[in-house]
>>> print(open('start.txt').read())   # compact mmCIF, C-alpha atoms
# COMPACT_ATOMS: atom_id res chain seq x y z
CA MET A 1 197.63 -106.95 164.15
CA ALA A 2 194.12 -106.57 162.78
CA ILE A 3 192.49 -109.66 161.32
CA SER A 4 190.14 -109.00 158.43
CA LYS A 5 186.62 -110.39 158.50
CA LEU A 6 185.96 -113.06 155.89
CA SER A 7 183.22 -112.77 153.30
CA THR A 8 179.90 -114.30 154.32
CA ASN A 9 177.77 -113.33 151.34
CA TYR A 10 178.42 -116.24 148.97
CA VAL A 11 175.42 -117.51 147.01
CA ASP A 12 174.73 -120.66 144.97
CA ASP A 13 173.61 -120.93 141.38
CA ILE A 14 169.83 -121.27 141.13
CA ILE A 15 168.76 -122.94 137.89
CA ASN A 16 165.51 -121.79 136.35
CA THR A 17 163.84 -125.23 136.34
CA SER A 18 160.88 -123.96 134.32
CA VAL A 19 163.33 -123.58 131.38
CA ASN A 20 165.79 -126.42 132.04
CA ALA A 21 165.93 -129.10 134.75
CA HIS A 22 169.72 -129.46 134.61
CA ARG A 23 172.72 -127.48 133.46
CA ARG A 24 172.98 -127.20 129.71
CA TYR A 25 176.01 -126.83 127.47
CA GLN A 26 176.48 -126.21 123.76
CA MET A 27 179.32 -128.10 122.14
CA THR A 28 180.97 -126.36 119.18
CA ALA A 29 183.76 -127.78 117.02
CA VAL A 30 186.94 -125.70 117.05
CA ALA A 31 187.68 -124.51 113.49
CA GLY A 32 190.78 -126.07 111.95
CA GLU A 33 191.20 -128.72 114.66
CA THR A 34 190.11 -132.33 114.49
CA ASP A 35 188.09 -133.77 117.40
CA THR A 36 188.42 -130.57 119.44
CA TYR A 37 185.36 -128.90 120.90
CA GLU A 38 184.48 -125.94 123.08
CA LEU A 39 181.75 -126.10 125.71
CA GLU A 40 179.60 -123.06 126.40
CA GLU A 41 177.13 -123.14 129.25
CA THR A 42 173.62 -122.27 128.06
CA THR A 43 171.78 -122.91 131.34
CA THR A 44 169.12 -120.36 132.25
CA PHE A 45 169.63 -119.16 135.83
CA ILE A 46 167.44 -117.30 138.29
CA GLN A 47 170.64 -116.41 140.18
CA ARG A 48 174.32 -116.85 139.32
CA GLY A 49 176.42 -118.14 142.18
CA THR A 50 179.48 -116.47 143.63
CA ASP A 51 182.84 -117.53 142.22
CA TYR A 52 185.07 -119.21 144.83
CA GLY A 53 188.68 -119.70 143.93
CA ALA A 54 192.28 -119.64 145.04
CA THR A 55 192.08 -116.03 146.28
CA ASP A 56 189.24 -116.96 148.64
CA VAL A 57 191.05 -120.09 149.90
CA ASN A 58 194.29 -118.14 150.44
CA THR A 59 192.45 -115.37 152.30
CA THR A 60 190.71 -117.91 154.55
CA ASN A 61 193.96 -119.78 155.23
CA SER A 62 195.84 -116.53 155.95
CA THR A 63 193.16 -115.49 158.44
CA ILE A 64 193.26 -118.87 160.17
CA ASN A 65 197.06 -118.70 160.30
CA SER A 66 196.82 -115.22 161.88
CA VAL A 67 194.52 -116.59 164.56
CA ILE A 68 196.93 -119.49 165.21
CA ASP A 69 199.86 -117.03 165.44
CA LEU A 70 197.86 -114.85 167.84
CA ALA A 71 196.96 -117.87 170.01
CA GLU A 72 200.60 -119.01 170.09
CA ALA A 73 201.81 -115.51 170.96
CA ASN A 74 199.30 -115.35 173.83
CA ALA A 75 199.77 -118.93 175.05
CA ASP A 76 201.03 -117.70 178.44
CA ASP A 77 197.91 -115.55 178.90
CA ILE A 78 195.69 -118.49 177.94
CA ALA A 79 197.53 -120.83 180.31
CA GLY A 80 197.37 -118.15 182.99
CA MET A 81 193.60 -118.32 183.04
CA LYS A 82 193.94 -121.38 185.27
CA ASP A 83 195.51 -119.33 188.05
CA GLY A 84 193.14 -116.35 187.95
CA SER A 85 194.72 -114.30 185.18
CA VAL A 86 192.12 -113.55 182.55
CA SER A 87 192.67 -111.88 179.22
CA ILE A 88 189.49 -109.93 178.49
CA ALA A 89 188.00 -110.59 175.07
CA ARG A 90 185.28 -108.59 173.38
CA ALA A 91 181.98 -109.52 175.03
CA ASN A 92 178.90 -109.91 172.91
CA SER A 93 175.68 -108.09 173.71
CA ALA A 94 174.36 -111.06 175.68
CA THR A 95 177.21 -110.72 178.18
CA SER A 96 177.58 -106.97 178.39
CA ALA A 97 177.15 -105.18 181.72
CA ASP A 98 173.87 -103.79 180.40
CA THR A 99 172.37 -107.30 180.59
CA ALA A 100 174.78 -109.05 182.96
CA THR A 101 173.14 -108.08 186.24
CA SER A 102 169.89 -109.92 185.53
CA ALA A 103 171.74 -112.88 184.02
CA LEU A 104 174.07 -113.08 187.02
CA SER A 105 171.17 -112.80 189.45
CA ALA A 106 169.38 -115.61 187.65
CA THR A 107 172.43 -117.89 187.84
CA SER A 108 173.50 -116.98 191.38
CA ALA A 109 171.08 -119.48 192.91
CA GLY A 110 173.15 -122.30 191.41
CA SER A 111 176.52 -120.69 192.18
CA ALA A 112 178.80 -121.48 195.07
CA ASP A 113 178.09 -119.53 198.25
CA ASN A 114 181.39 -117.65 197.95
CA ASP A 115 180.73 -116.26 194.44
CA PHE A 116 179.72 -112.60 194.51
CA ILE A 117 179.21 -109.43 192.49
CA LEU A 118 182.16 -107.15 193.24
CA CYS A 119 180.70 -104.14 191.43
CA ASN A 120 177.62 -103.42 189.35
CA GLN A 121 178.09 -101.08 186.39
CA GLN A 122 180.85 -99.21 188.17
CA ALA A 123 183.13 -96.71 186.47
CA LEU A 124 186.70 -98.02 186.67
CA THR A 125 189.54 -95.58 187.31
CA PHE A 126 192.96 -96.44 185.89
CA SER A 127 196.17 -94.99 187.31
CA ASN A 128 199.69 -96.03 186.31
CA GLY A 129 198.24 -98.61 183.92
CA TYR A 130 195.90 -100.42 186.31
CA CYS A 131 192.68 -100.23 188.33
CA GLN A 132 192.63 -101.95 191.72
CA LEU A 133 189.48 -103.15 193.48
CA ASN A 134 189.74 -104.39 197.06
CA ASP A 135 187.62 -107.03 198.79
CA SER A 136 188.69 -109.47 201.51
CA ARG A 137 186.72 -112.31 199.85
CA ILE A 138 188.99 -112.32 196.76
CA THR A 139 191.71 -114.98 196.72
CA ALA A 140 194.74 -115.33 194.47
CA GLY A 141 192.96 -118.18 192.67
CA SER A 142 189.65 -116.36 192.16
CA VAL A 143 188.24 -115.98 188.68
CA ALA A 144 186.96 -112.54 187.68
CA ASP A 145 184.18 -112.35 185.09
CA VAL A 146 184.23 -108.81 183.70
CA TYR A 147 181.26 -107.48 181.71
CA PHE A 148 181.82 -104.08 180.08
CA THR A 149 178.85 -101.91 179.18
CA ASP A 150 177.89 -101.70 175.52
CA ALA A 151 178.88 -98.03 175.56
CA THR A 152 182.41 -98.67 176.89
CA ILE A 153 183.37 -102.09 175.55
CA ASN A 154 185.29 -100.64 172.56
CA THR A 155 187.33 -98.43 174.89
CA ALA A 156 188.15 -101.45 177.07
CA GLU A 157 189.02 -103.57 174.07
CA ASN A 158 191.28 -100.89 172.59
CA ALA A 159 193.04 -100.48 175.95
CA GLY A 160 193.87 -104.21 176.01
CA ILE A 161 192.44 -104.89 179.46
CA THR A 162 193.58 -108.01 181.36
CA VAL A 163 192.73 -109.11 184.90
CA GLN A 164 194.73 -110.64 187.74
CA THR A 165 193.39 -111.67 191.14
CA TYR A 166 195.41 -111.55 194.34
CA ALA A 167 194.63 -112.19 198.02
CA ASN A 168 192.11 -109.46 199.05
CA TYR A 169 192.13 -107.51 195.77
CA MET A 170 192.11 -107.69 191.98
CA ARG A 171 193.68 -105.52 189.31
CA LEU A 172 192.59 -104.71 185.79
CA PHE A 173 195.65 -103.86 183.71
CA ALA A 174 195.54 -101.64 180.62
CA ALA A 175 198.15 -102.33 177.93
CA GLN A 176 197.37 -98.77 176.71
CA GLU A 177 195.88 -95.95 178.75
CA PRO A 178 192.09 -95.99 178.18
CA THR A 179 190.94 -93.12 175.95
CA GLY A 180 187.61 -92.77 177.76
CA SER A 181 185.64 -94.07 180.69
CA ILE A 182 185.21 -97.81 181.23
CA VAL A 183 182.18 -99.11 183.09
CA ALA A 184 181.80 -102.76 184.10
CA THR A 185 180.02 -105.31 186.23
CA ILE A 186 182.47 -107.76 187.84
CA ARG A 187 181.57 -111.15 189.27
CA ILE A 188 184.14 -112.93 191.41
CA ARG A 189 184.17 -116.71 191.52
CA VAL A 190 186.27 -117.81 194.48
CA VAL A 191 188.12 -121.04 193.71
>>> encode(input="start.txt", output="structure tokens")
Amino acid sequence: MAISKLSTNYVDDIINTSVNAHRRYQMTAVAGETDTYELEETTTFIQRGTDYGATDVNTTNSTINSVIDLAEANADDIAGMKDGSVSIARANSATSADTATSALSATSAGSADNDFILCNQQALTFSNGYCQLNDSRITAGSVADVYFTDATINTAENAGITVQTYANYMRLFAAQEPTGSIVATIRIRVV
């Protein structure tokens, strides 16, 4: 299910303070009715603000509810992260494989001695729905940090890639067969 992005271009009213310091209204008696008046705003604005109403609130609440439904539907995947199973989410440019190597090198000094880079911008080959990478240092409880390149992250995201670590190897599973090449840097954190 695709979740729509919410609007982020709302603007406030900006009153032209050289004409009026506060909002202004004109009060006009309603013809044929006693003690009934209409108010018309006569404020001079530099910019009129964006209307925000029930449609906006309902759209926001629907989007939040979709995220809650998605989180509940994937609760097992989220809980599985504790035992080495990681559901791969879209990485931002700061954590893509294009910039991950230098960032990982910079943080490796503070990492445990048994953390290591399994592959550096390596093309991953999927067969029968998964890609297996072998290394005797990987344990069933290891955590795999996967950084897709900027050029292949959409392919990985569309394929629905998840990761599972086992003793001596790890597998990247594709919910759908990737439609193109996937290149990634993978860091293993042995727990």
>>> atom_distance(input="start.txt", atom1="CA of Thr152 (chain A)", atom2="CA of Ile64 (chain A)")
28.4 Å
>>> atom_distance(input="start.txt", atom1="CA of Ile138 (chain A)", atom2="CA of Tyr169 (chain A)")
5.8 Å
>>> residues_around(input="start.txt", residues="Ala144 (chain A)", least_positions_apart="3", cutoff="7 Å", atoms="all atoms listed in the file", output="PDB file with C-alpha atoms, in the frame of the given file")
ATOM      1  CA  ILE A 186     182.470-107.760 187.840  1.00  0.00           C
ATOM      2  CA  ARG A 187     181.570-111.150 189.270  1.00  0.00           C
ATOM      3  CA  ILE A 188     184.140-112.930 191.410  1.00  0.00           C
ATOM      4  CA  ARG A 189     184.170-116.710 191.520  1.00  0.00           C
TER       5      ARG A 189
END
>>> atom_distance(input="start.txt", atom1="CA of Val163 (chain A)", atom2="CA of Leu133 (chain A)")
10.9 Å
>>> closest_residue(input="start.txt", among="A:Cys119, A:Tyr52, A:Asn61, A:Arg23", to="Glu40 (chain A)", atoms="all atoms listed in the file")
A:Arg23
>>> closest_residue(input="start.txt", among="A:Leu172, A:Ala156, A:Val190, A:Gln26", to="Thr139 (chain A)", atoms="all atoms listed in the file")
A:Val190
>>> closest_residue(input="start.txt", among="A:Thr185, A:Thr34, A:Ser66, A:Thr55", to="Ser4 (chain A)", atoms="all atoms listed in the file")
A:Ser66
